>>> print(open('structure-v4.txt').read())   # compact mmCIF, C-alpha atoms
# COMPACT_ATOMS: atom_id res chain seq x y z
CA MET A 5 143.12 258.18 -76.64
CA PHE A 6 139.37 257.45 -76.70
CA GLN A 7 138.34 257.59 -80.35
CA THR A 8 134.81 256.22 -80.30
CA SER A 9 131.76 255.80 -78.08
CA ALA A 10 129.44 252.94 -77.24
CA LEU A 11 126.78 254.61 -79.38
CA ASP A 12 129.10 254.65 -82.40
CA LEU A 13 129.91 250.97 -81.89
CA TRP A 14 126.23 250.10 -81.52
CA LYS A 15 125.34 251.91 -84.75
CA GLU A 16 128.16 250.09 -86.53
CA GLU A 17 126.88 246.72 -85.29
CA CYS A 18 123.32 247.54 -86.37
CA GLU A 19 124.49 248.21 -89.91
CA ARG A 20 126.26 244.87 -90.22
CA ILE A 21 124.48 241.78 -91.40
CA GLY A 22 125.47 238.16 -90.90
CA ILE A 23 125.93 235.23 -93.26
CA LEU A 24 122.76 233.17 -93.59
CA THR A 25 123.10 229.48 -92.81
CA PHE A 26 119.83 228.62 -94.64
CA CYS A 27 118.45 227.23 -91.38
CA LYS A 28 115.83 229.86 -90.55
CA ASP A 29 115.56 229.03 -86.85
CA LEU A 30 119.31 229.26 -86.34
CA ASP A 31 119.60 232.49 -88.33
CA LEU A 32 116.80 234.09 -86.31
CA ALA A 33 118.38 232.92 -83.05
CA LEU A 34 121.68 234.51 -84.09
CA GLY A 35 119.97 237.67 -85.35
CA THR A 36 120.97 237.75 -89.01
CA GLY A 37 123.10 234.63 -89.28
CA ILE A 38 126.79 234.18 -88.43
CA ALA A 39 127.85 237.67 -87.35
CA GLN A 40 130.50 239.92 -88.87
CA GLY A 41 133.32 241.15 -86.67
CA LEU A 42 133.36 238.06 -84.46
CA ILE A 43 135.17 234.74 -84.21
CA THR A 44 132.57 231.96 -84.26
CA GLU A 45 133.56 228.44 -83.27
CA LEU A 46 131.72 225.35 -84.49
CA CYS A 47 132.29 222.40 -82.16
CA GLY A 48 131.26 218.79 -82.53
CA ARG A 49 132.18 215.17 -82.97
CA PRO A 50 133.23 213.84 -86.39
CA GLY A 51 130.16 213.72 -88.62
CA SER A 52 128.30 216.44 -86.71
CA GLY A 53 128.13 218.80 -89.69
CA LYS A 54 131.00 221.23 -88.98
CA THR A 55 132.57 221.04 -92.43
CA GLN A 56 129.15 221.09 -94.12
CA PHE A 57 128.43 224.36 -92.33
CA CYS A 58 131.76 225.78 -93.48
CA LEU A 59 131.03 224.85 -97.09
CA GLN A 60 127.52 226.32 -96.90
CA LEU A 61 128.81 229.59 -95.49
CA SER A 62 131.45 229.71 -98.26
CA VAL A 63 128.62 229.82 -100.79
CA ASN A 64 126.19 232.04 -98.87
CA VAL A 65 128.70 234.82 -98.13
CA GLN A 66 128.74 235.48 -101.88
CA ILE A 67 125.01 236.25 -102.18
CA PRO A 68 124.63 239.70 -103.83
CA HIS A 69 124.04 242.80 -101.73
CA GLN A 70 120.64 243.39 -103.35
CA LEU A 71 119.45 240.06 -101.92
CA GLY A 72 120.79 240.75 -98.44
CA GLY A 73 124.17 239.07 -98.81
CA LEU A 74 127.73 240.26 -98.21
CA GLU A 75 128.92 239.63 -101.79
CA GLY A 76 132.35 238.72 -100.46
CA ARG A 77 135.20 236.29 -101.06
CA VAL A 78 136.29 233.39 -98.87
CA ALA A 79 139.64 232.28 -97.47
CA TYR A 80 139.39 228.58 -96.65
CA LEU A 81 142.24 227.09 -94.56
CA ASP A 82 141.85 223.31 -94.58
CA THR A 83 143.87 221.21 -92.12
CA LYS A 84 142.61 217.69 -92.86
CA TYR A 85 141.45 217.68 -96.48
CA GLY A 86 137.78 218.01 -95.60
CA PHE A 87 137.08 220.57 -98.34
CA SER A 88 134.95 219.22 -101.21
CA PRO A 89 134.59 221.13 -104.51
CA GLN A 90 131.73 218.80 -105.46
CA ARG A 91 129.77 219.72 -102.32
CA ILE A 92 130.41 223.39 -103.08
CA GLN A 93 128.92 222.87 -106.54
CA ASP A 94 125.85 221.11 -105.09
CA MET A 95 125.27 223.92 -102.59
CA ALA A 96 126.02 226.63 -105.13
CA LYS A 97 123.52 225.24 -107.64
CA ALA A 98 120.81 225.16 -104.97
CA CYS A 99 121.66 228.68 -103.84
CA LEU A 100 121.61 230.03 -107.40
CA ASP A 101 118.27 228.34 -108.07
CA HIS A 102 116.82 229.81 -104.89
CA CYS A 103 118.03 233.34 -105.65
CA THR A 104 116.68 233.11 -109.21
CA LYS A 105 113.25 232.05 -107.90
CA LEU A 106 113.30 234.81 -105.30
CA ILE A 107 113.97 237.44 -107.96
CA ALA A 108 111.28 236.00 -110.24
CA SER A 109 108.72 236.14 -107.43
CA VAL A 110 109.04 239.94 -107.22
CA PRO A 111 110.13 241.06 -110.71
CA HIS A 112 109.19 244.68 -109.99
CA LYS A 113 111.74 244.81 -107.16
CA TYR A 114 114.81 243.21 -108.72
CA ASN A 115 116.68 243.39 -112.00
CA ALA A 116 117.52 239.72 -112.52
CA GLN A 117 120.12 240.28 -115.23
CA GLU A 118 121.97 242.90 -113.21
CA ILE A 119 121.96 240.95 -109.94
CA MET A 120 122.87 237.52 -111.28
CA ALA A 121 125.43 238.68 -113.84
CA GLY A 122 128.28 238.38 -111.34
CA PHE A 123 126.80 235.56 -109.28
CA THR A 124 127.36 232.34 -111.18
CA MET A 125 128.72 228.86 -110.58
CA ASP A 126 132.12 229.91 -111.90
CA SER A 127 132.24 233.06 -109.78
CA ILE A 128 131.29 231.13 -106.64
CA MET A 129 134.05 228.58 -107.19
CA ASN A 130 136.57 231.28 -108.12
CA ASN A 131 135.83 233.39 -105.05
CA ILE A 132 136.80 230.62 -102.61
CA LEU A 133 140.55 230.90 -101.99
CA TYR A 134 141.69 227.50 -100.76
CA THR A 135 144.89 226.36 -99.07
CA HIS A 136 145.88 223.28 -97.12
CA VAL A 137 147.78 224.06 -93.91
CA ARG A 138 149.85 221.44 -92.10
CA ASN A 139 150.86 223.28 -88.94
CA CYS A 140 150.44 226.53 -87.01
CA SER A 141 153.29 228.22 -88.86
CA HIS A 142 151.43 227.67 -92.13
CA ILE A 143 148.31 229.19 -90.57
CA MET A 144 150.26 232.27 -89.49
CA GLU A 145 151.71 232.63 -92.99
CA ALA A 146 148.23 232.39 -94.49
CA ILE A 147 146.89 235.03 -92.07
CA ALA A 148 149.74 237.36 -93.04
CA VAL A 149 148.76 236.96 -96.71
CA LEU A 150 145.12 237.66 -95.83
CA GLN A 151 146.10 240.82 -93.97
CA ASN A 152 147.84 242.10 -97.08
CA LYS A 153 144.85 241.22 -99.25
CA CYS A 154 142.38 242.96 -96.93
CA TYR A 155 144.47 246.12 -96.62
CA ALA A 156 144.85 246.10 -100.41
CA GLY A 157 141.07 246.31 -100.69
CA GLU A 158 140.20 242.71 -101.53
CA LYS A 159 136.70 241.84 -100.27
CA ILE A 160 137.56 238.89 -98.02
CA LYS A 161 134.40 238.58 -95.93
CA LEU A 162 134.78 235.04 -94.59
CA ILE A 163 137.84 233.32 -93.11
CA ILE A 164 137.56 229.64 -92.20
CA ILE A 165 139.99 227.35 -90.40
CA ASP A 166 138.70 223.78 -90.60
CA SER A 167 139.85 222.27 -88.29
CA LEU A 168 141.85 224.44 -85.88
CA SER A 169 141.88 221.80 -83.14
CA PHE A 170 143.13 219.10 -85.51
CA VAL A 171 146.30 220.95 -86.44
CA VAL A 172 146.97 222.27 -82.92
CA ARG A 173 146.45 218.98 -81.10
CA ASN A 174 148.41 216.94 -83.63
CA THR A 175 151.43 219.20 -84.01
CA ILE A 176 151.89 220.76 -80.54
CA PRO A 177 152.26 218.28 -77.64
CA ARG A 178 152.69 220.76 -74.77
CA THR A 179 149.71 222.61 -73.31
CA LEU A 180 151.50 225.91 -72.67
CA GLU A 181 152.84 225.97 -76.21
CA ARG A 182 149.31 225.34 -77.51
CA VAL A 183 147.99 228.31 -75.52
CA LYS A 184 150.71 230.53 -76.94
CA ARG A 185 150.14 229.42 -80.50
CA LEU A 186 146.36 229.81 -80.26
CA HIS A 187 146.86 233.35 -78.99
CA GLU A 188 149.17 234.13 -81.90
CA ILE A 189 146.58 232.80 -84.37
CA LEU A 190 143.40 234.26 -82.90
CA THR A 191 144.72 237.75 -82.11
CA PRO A 192 145.32 238.81 -85.74
CA LEU A 193 142.04 237.14 -86.73
CA HIS A 194 140.25 239.31 -84.16
CA LYS A 195 141.88 242.37 -85.71
CA LEU A 196 140.84 241.38 -89.23
CA ALA A 197 137.28 240.65 -88.09
CA HIS A 198 137.00 244.01 -86.33
CA ARG A 199 138.82 246.15 -88.90
CA PHE A 200 137.24 244.75 -92.07
CA GLY A 201 133.98 243.25 -90.80
CA CYS A 202 135.09 239.72 -91.65
CA VAL A 203 133.26 236.66 -90.42
CA VAL A 204 135.82 234.30 -88.88
CA VAL A 205 134.83 230.65 -88.37
CA VAL A 206 137.01 227.99 -86.75
CA THR A 207 136.05 224.40 -86.05
CA ASN A 208 136.89 222.47 -82.92
CA ASP A 209 136.52 218.89 -81.72
CA LEU A 210 135.00 217.57 -78.51
CA THR A 211 137.07 215.76 -75.90
CA THR A 212 136.64 214.16 -72.47
CA LYS A 213 137.38 216.02 -69.25
CA ILE A 214 137.89 214.39 -65.84
CA THR A 215 136.28 216.32 -62.98
CA ASP A 216 136.49 216.00 -59.18
CA SER A 217 133.05 214.41 -58.80
CA LYS A 218 133.11 211.37 -56.53
CA LYS A 219 130.02 209.78 -58.09
CA PRO A 220 130.71 206.96 -60.57
CA PHE A 221 130.67 208.15 -64.19
CA ASP A 222 129.82 211.73 -63.13
CA ASN A 223 133.48 212.70 -63.26
CA ILE A 224 133.64 212.41 -67.07
CA GLN A 225 132.39 215.32 -69.18
CA ILE A 226 132.34 215.89 -72.94
CA VAL A 227 133.69 219.39 -73.58
CA PRO A 228 135.17 221.40 -76.47
CA ALA A 229 138.88 220.77 -76.97
CA LEU A 230 141.69 223.36 -76.78
CA GLY A 231 141.00 224.35 -73.16
CA GLU A 232 139.53 227.17 -71.11
CA SER A 233 142.01 229.81 -72.24
CA HIS A 234 140.94 229.26 -75.84
CA SER A 235 137.27 229.57 -74.85
CA HIS A 236 137.90 233.13 -73.74
CA LYS A 237 139.40 234.09 -77.10
CA ILE A 238 136.39 233.16 -79.22
CA ASN A 239 133.27 235.34 -79.27
CA GLN A 240 130.65 232.78 -80.18
CA ARG A 241 130.40 229.00 -79.81
CA ILE A 242 127.91 226.69 -81.49
CA ILE A 243 127.98 222.98 -80.67
CA LEU A 244 126.74 220.69 -83.43
CA GLY A 245 125.56 217.11 -83.08
CA ARG A 246 123.19 214.52 -84.46
CA ASP A 247 119.59 214.46 -83.29
CA ASP A 248 119.17 211.03 -81.73
CA THR A 249 115.49 211.54 -80.83
CA ASN A 250 114.01 208.08 -80.37
CA GLY A 251 116.83 206.72 -82.51
CA GLN A 252 114.46 206.59 -85.46
CA GLN A 253 115.67 206.02 -89.00
CA GLN A 254 113.97 209.15 -90.34
CA HIS A 255 116.25 211.31 -88.20
CA LEU A 256 119.51 210.14 -89.78
CA ASN A 257 120.01 213.48 -91.53
CA ARG A 258 118.67 215.59 -88.65
CA TYR A 259 121.07 217.53 -86.44
CA ILE A 260 121.05 219.95 -83.50
CA ALA A 261 122.88 223.29 -83.28
CA SER A 262 123.26 224.57 -79.70
CA ILE A 263 124.36 228.16 -79.16
CA VAL A 264 126.25 227.94 -75.86
CA LYS A 265 128.19 231.21 -76.04
CA SER A 266 127.20 234.45 -77.76
CA PRO A 267 127.49 238.18 -77.05
CA THR A 268 123.85 238.72 -78.02
CA THR A 269 121.99 235.41 -77.85
CA PRO A 270 120.99 233.35 -74.79
CA PRO A 271 121.70 229.60 -74.89
CA ILE A 272 119.30 227.90 -77.28
CA SER A 273 119.20 224.74 -79.41
CA VAL A 274 117.63 224.43 -82.86
CA ALA A 275 117.29 221.53 -85.28
CA PHE A 276 118.53 221.47 -88.86
CA ILE A 277 119.02 218.94 -91.63
CA ILE A 278 121.75 218.35 -94.18
CA GLU A 279 120.55 217.62 -97.71
CA THR A 280 122.27 217.37 -101.06
CA ALA A 281 121.46 221.06 -101.44
CA GLY A 282 123.16 221.85 -98.12
CA ILE A 283 122.11 223.08 -94.68
CA ARG A 284 118.35 223.52 -94.41
CA ASP A 285 115.57 224.22 -91.95
CA VAL A 286 113.94 221.08 -90.57
CA ARG A 287 110.47 222.09 -91.73
CA GLN A 288 110.30 220.60 -95.23
CA GLY A 289 113.95 221.37 -95.85
CA ARG A 290 112.99 225.00 -96.26
CA THR A 291 115.58 227.53 -97.34
CA GLN A 292 115.43 230.94 -95.70
CA ALA A 293 115.01 233.76 -98.17
CA PRO A 294 117.87 236.27 -98.08
>>> encode(input="structure-v4.txt", output="structure tokens")
Amino acid sequence: MFQTSALDLWKEECERIGILTFCKDLDLALGTGIAQGLITELCGRPGSGKTQFCLQLSVNVQIPHQLGGLEGRVAYLDTKYGFSPQRIQDMAKACLDHCTKLIASVPHKYNAQEIMAGFTMDSIMNNILYTHVRNCSHIMEAIAVLQNKCYAGEKIKLIIIDSLSFVVRNTIPRTLERVKRLHEILTPLHKLAHRFGCVVVVTNDLTTKITDSKKPFDNIQIVPALGESHSHKINQRIILGRDDTNGQQQHLNRYIASIVKSPTTPPISVAFIIETAGIRDVRQGRTQAP
């Protein structure tokens, strides 16, 4: 009945690496980036950077093994047409340029031709499997296809649902039915994450919650949508939002990522920016080396 030990699980976790976000502070806070084997939820208001993160991860998961990447493919389930091939190209070009410079900086360590031969603009675009899903049934069908692909040996290393809350809240009016459907979606995703070391990312909106506080305005809270039951099904939650420090013009492209739930990381907030090249560290838009 008992087939493994805590030591075996710990060794397995130590061997796994995450997907870099290219925000050094966030990657260090998470350990090695967005972790394998877990469901990570990105929450935030519209315009908080959720989709930009998903696009960046879709590129970064393909970084070659020799440079510390997972060299995997992506399954991108889009519920509200937020996916942008042009943004993928912008981020991919920046990532390719960065990897080329990294290899050139230590020519004795890397064989540039060997490493970059299978890591090109065309390969990056081709390795992102895209589908638009209109309801939860379509999501379940897509997950079934992904299960077959993974068991057939296809290197799906990142699964994204952007946005899970959009399709659930707009197609299922009853709360109990939402809970059931979310369980049906997240359970097989947990199994895929655990069995094949996939990184699973779902995005969620923020909503208002009325509490029992009797003080004026204290009874309204801004919380992640989809409810408490859903919160227990995800392993990691990162809330994204704009950095409104002093309301200054220079902070228009500056954002905050707050890790509020994680199996390994205490709550912490870090700043990042979104450039044409993608997600970057605040300090001079610096990209973290793989």
>>> closest_residue(input="structure-v4.txt", among="A:Tyr80, A:Arg258, A:Pro270, A:Arg284", to="Ser52 of chain A", atoms="only C-alpha atoms")
A:Arg258
>>> residues_around(input="structure-v4.txt", residues="segment 156-167 of chain A", least_positions_apart="6", cutoff="9 Å", atoms="all atoms listed in the file", output="compact mmCIF listing (two decimals) with C-alpha atoms, keeping the file's coordinate frame")
# COMPACT_ATOMS: atom_id res chain seq x y z
CA ILE A 23 125.93 235.23 -93.26
CA GLN A 40 130.50 239.92 -88.87
CA LYS A 54 131.00 221.23 -88.98
CA THR A 55 132.57 221.04 -92.43
CA CYS A 58 131.76 225.78 -93.48
CA LEU A 61 128.81 229.59 -95.49
CA SER A 62 131.45 229.71 -98.26
CA VAL A 65 128.70 234.82 -98.13
CA GLN A 66 128.74 235.48 -101.88
CA LEU A 74 127.73 240.26 -98.21
CA GLU A 75 128.92 239.63 -101.79
CA GLY A 76 132.35 238.72 -100.46
CA ARG A 77 135.20 236.29 -101.06
CA VAL A 78 136.29 233.39 -98.87
CA ALA A 79 139.64 232.28 -97.47
CA TYR A 80 139.39 228.58 -96.65
CA LEU A 81 142.24 227.09 -94.56
CA ASP A 82 141.85 223.31 -94.58
CA THR A 83 143.87 221.21 -92.12
CA LYS A 84 142.61 217.69 -92.86
CA TYR A 85 141.45 217.68 -96.48
CA GLY A 86 137.78 218.01 -95.60
CA PHE A 87 137.08 220.57 -98.34
CA ILE A 143 148.31 229.19 -90.57
CA LEU A 150 145.12 237.66 -95.83
CA LEU A 193 142.04 237.14 -86.73
CA ALA A 197 137.28 240.65 -88.09
CA PHE A 200 137.24 244.75 -92.07
CA GLY A 201 133.98 243.25 -90.80
CA CYS A 202 135.09 239.72 -91.65
CA VAL A 203 133.26 236.66 -90.42
CA VAL A 204 135.82 234.30 -88.88
CA VAL A 205 134.83 230.65 -88.37
CA VAL A 206 137.01 227.99 -86.75
CA THR A 207 136.05 224.40 -86.05
CA ASN A 208 136.89 222.47 -82.92
CA ASP A 209 136.52 218.89 -81.72
>>> closest_residue(input="structure-v4.txt", among="A:Phe57, A:Ser109, A:Leu71, A:Asn64", to="Thr44 of chain A", atoms="all atoms listed in the file")
A:Phe57
>>> residues_near_point(input="structure-v4.txt", point="(148.6, 231.5, -81.7)", cutoff="12 Å", atoms="only C-alpha atoms", output="PyMOL selection string")
chain A and resi 139-145+147+168-169+171-172+176+180-194+230+233-234+237
>>> write_last_selection(input="structure-v4.txt", atoms="C-alpha atoms", output="JSON list (two decimals), in the frame of the given file")
[["chain", "number", "residue", "atom", "x", "y", "z"],
["A", 139, "ASN", "CA", 150.86, 223.28, -88.94],
["A", 140, "CYS", "CA", 150.44, 226.53, -87.01],
["A", 141, "SER", "CA", 153.29, 228.22, -88.86],
["A", 142, "HIS", "CA", 151.43, 227.67, -92.13],
["A", 143, "ILE", "CA", 148.31, 229.19, -90.57],
["A", 144, "MET", "CA", 150.26, 232.27, -89.49],
["A", 145, "GLU", "CA", 151.71, 232.63, -92.99],
["A", 147, "ILE", "CA", 146.89, 235.03, -92.07],
["A", 168, "LEU", "CA", 141.85, 224.44, -85.88],
["A", 169, "SER", "CA", 141.88, 221.80, -83.14],
["A", 171, "VAL", "CA", 146.30, 220.95, -86.44],
["A", 172, "VAL", "CA", 146.97, 222.27, -82.92],
["A", 176, "ILE", "CA", 151.89, 220.76, -80.54],
["A", 180, "LEU", "CA", 151.50, 225.91, -72.67],
["A", 181, "GLU", "CA", 152.84, 225.97, -76.21],
["A", 182, "ARG", "CA", 149.31, 225.34, -77.51],
["A", 183, "VAL", "CA", 147.99, 228.31, -75.52],
["A", 184, "LYS", "CA", 150.71, 230.53, -76.94],
["A", 185, "ARG", "CA", 150.14, 229.42, -80.50],
["A", 186, "LEU", "CA", 146.36, 229.81, -80.26],
["A", 187, "HIS", "CA", 146.86, 233.35, -78.99],
["A", 188, "GLU", "CA", 149.17, 234.13, -81.90],
["A", 189, "ILE", "CA", 146.58, 232.80, -84.37],
["A", 190, "LEU", "CA", 143.40, 234.26, -82.90],
["A", 191, "THR", "CA", 144.72, 237.75, -82.11],
["A", 192, "PRO", "CA", 145.32, 238.81, -85.74],
["A", 193, "LEU", "CA", 142.04, 237.14, -86.73],
["A", 194, "HIS", "CA", 140.25, 239.31, -84.16],
["A", 230, "LEU", "CA", 141.69, 223.36, -76.78],
["A", 233, "SER", "CA", 142.01, 229.81, -72.24],
["A", 234, "HIS", "CA", 140.94, 229.26, -75.84],
["A", 237, "LYS", "CA", 139.40, 234.09, -77.10]]
>>> atom_distance(input="structure-v4.txt", atom1="atom CA of Ile243 of chain A", atom2="atom CA of Cys47 of chain A")
4.6 Å
>>> residues_around(input="structure-v4.txt", residues="Asp247 of chain A", least_positions_apart="6", cutoff="12 Å", atoms="only C-alpha atoms", output="mmCIF file with C-alpha atoms, in the coordinates of the input")
data_model
loop_
_atom_site.group_PDB
_atom_site.id
_atom_site.type_symbol
_atom_site.label_atom_id
_atom_site.label_comp_id
_atom_site.auth_asym_id
_atom_site.auth_seq_id
_atom_site.Cartn_x
_atom_site.Cartn_y
_atom_site.Cartn_z
ATOM 1 C CA GLY A 51 130.160 213.720 -88.620
ATOM 2 C CA SER A 52 128.300 216.440 -86.710
ATOM 3 C CA GLY A 53 128.130 218.800 -89.690
ATOM 4 C CA GLN A 253 115.670 206.020 -89.000
ATOM 5 C CA GLN A 254 113.970 209.150 -90.340
ATOM 6 C CA HIS A 255 116.250 211.310 -88.200
ATOM 7 C CA LEU A 256 119.510 210.140 -89.780
ATOM 8 C CA ASN A 257 120.010 213.480 -91.530
ATOM 9 C CA ARG A 258 118.670 215.590 -88.650
ATOM 10 C CA TYR A 259 121.070 217.530 -86.440
ATOM 11 C CA ILE A 260 121.050 219.950 -83.500
ATOM 12 C CA ALA A 261 122.880 223.290 -83.280
ATOM 13 C CA SER A 262 123.260 224.570 -79.700
ATOM 14 C CA SER A 273 119.200 224.740 -79.410
ATOM 15 C CA VAL A 274 117.630 224.430 -82.860
ATOM 16 C CA ALA A 275 117.290 221.530 -85.280
ATOM 17 C CA PHE A 276 118.530 221.470 -88.860
ATOM 18 C CA ILE A 277 119.020 218.940 -91.630
ATOM 19 C CA ILE A 278 121.750 218.350 -94.180
ATOM 20 C CA VAL A 286 113.940 221.080 -90.570
#
>>> atom_distance(input="structure-v4.txt", atom1="atom CA of Gln56 of chain A", atom2="atom CA of Arg91 of chain A")
8.3 Å
>>> closest_residue(input="structure-v4.txt", among="A:Gly41, A:Met129, A:Ala10, A:Val63", to="Ile283 of chain A", atoms="all atoms listed in the file")
A:Val63
>>> closest_residue(input="structure-v4.txt", among="A:Pro177, A:Pro68, A:Gly35, A:Gly73", to="Ser127 of chain A", atoms="only C-alpha atoms")
A:Pro68
>>> decode(input="structure-v4.txt", residues="segment 224-251 of chain A", atoms="C-alpha atoms", output="short mmCIF file (atom, residue, chain, number, x, y, z; two decimals), in the first residue's frame")
data_model
loop_
_atom_site.label_atom_id
_atom_site.label_comp_id
_atom_site.auth_asym_id
_atom_site.auth_seq_id
_atom_site.Cartn_x
_atom_site.Cartn_y
_atom_site.Cartn_z
CA ILE A 224 -16.10 44.86 2.08
CA GLN A 225 -13.00 42.87 1.14
CA ILE A 226 -11.30 42.26 -2.20
CA VAL A 227 -10.60 38.53 -2.47
CA PRO A 228 -9.83 35.95 -5.18
CA ALA A 229 -12.93 34.67 -6.94
CA LEU A 230 -14.15 31.05 -7.09
CA GLY A 231 -14.53 30.65 -3.32
CA GLU A 232 -12.85 28.98 -0.36
CA SER A 233 -13.28 25.43 -1.62
CA HIS A 234 -11.30 26.30 -4.73
CA SER A 235 -8.55 27.86 -2.60
CA HIS A 236 -7.90 24.49 -1.01
CA LYS A 237 -7.43 22.80 -4.39
CA ILE A 238 -4.59 25.01 -5.60
CA ASN A 239 -1.07 24.64 -4.21
CA GLN A 240 0.27 28.12 -4.77
CA ARG A 241 -1.33 31.54 -5.15
CA ILE A 242 0.31 34.72 -6.42
CA ILE A 243 -1.69 37.94 -6.47
CA LEU A 244 -0.65 40.45 -9.13
CA GLY A 245 -1.40 44.16 -9.19
CA ARG A 246 -0.09 47.52 -10.28
CA ASP A 247 2.37 49.38 -8.07
CA ASP A 248 0.61 52.64 -7.23
CA THR A 249 3.48 54.02 -5.13
CA ASN A 250 2.99 57.78 -4.98
CA GLY A 251 0.90 57.51 -8.13
#
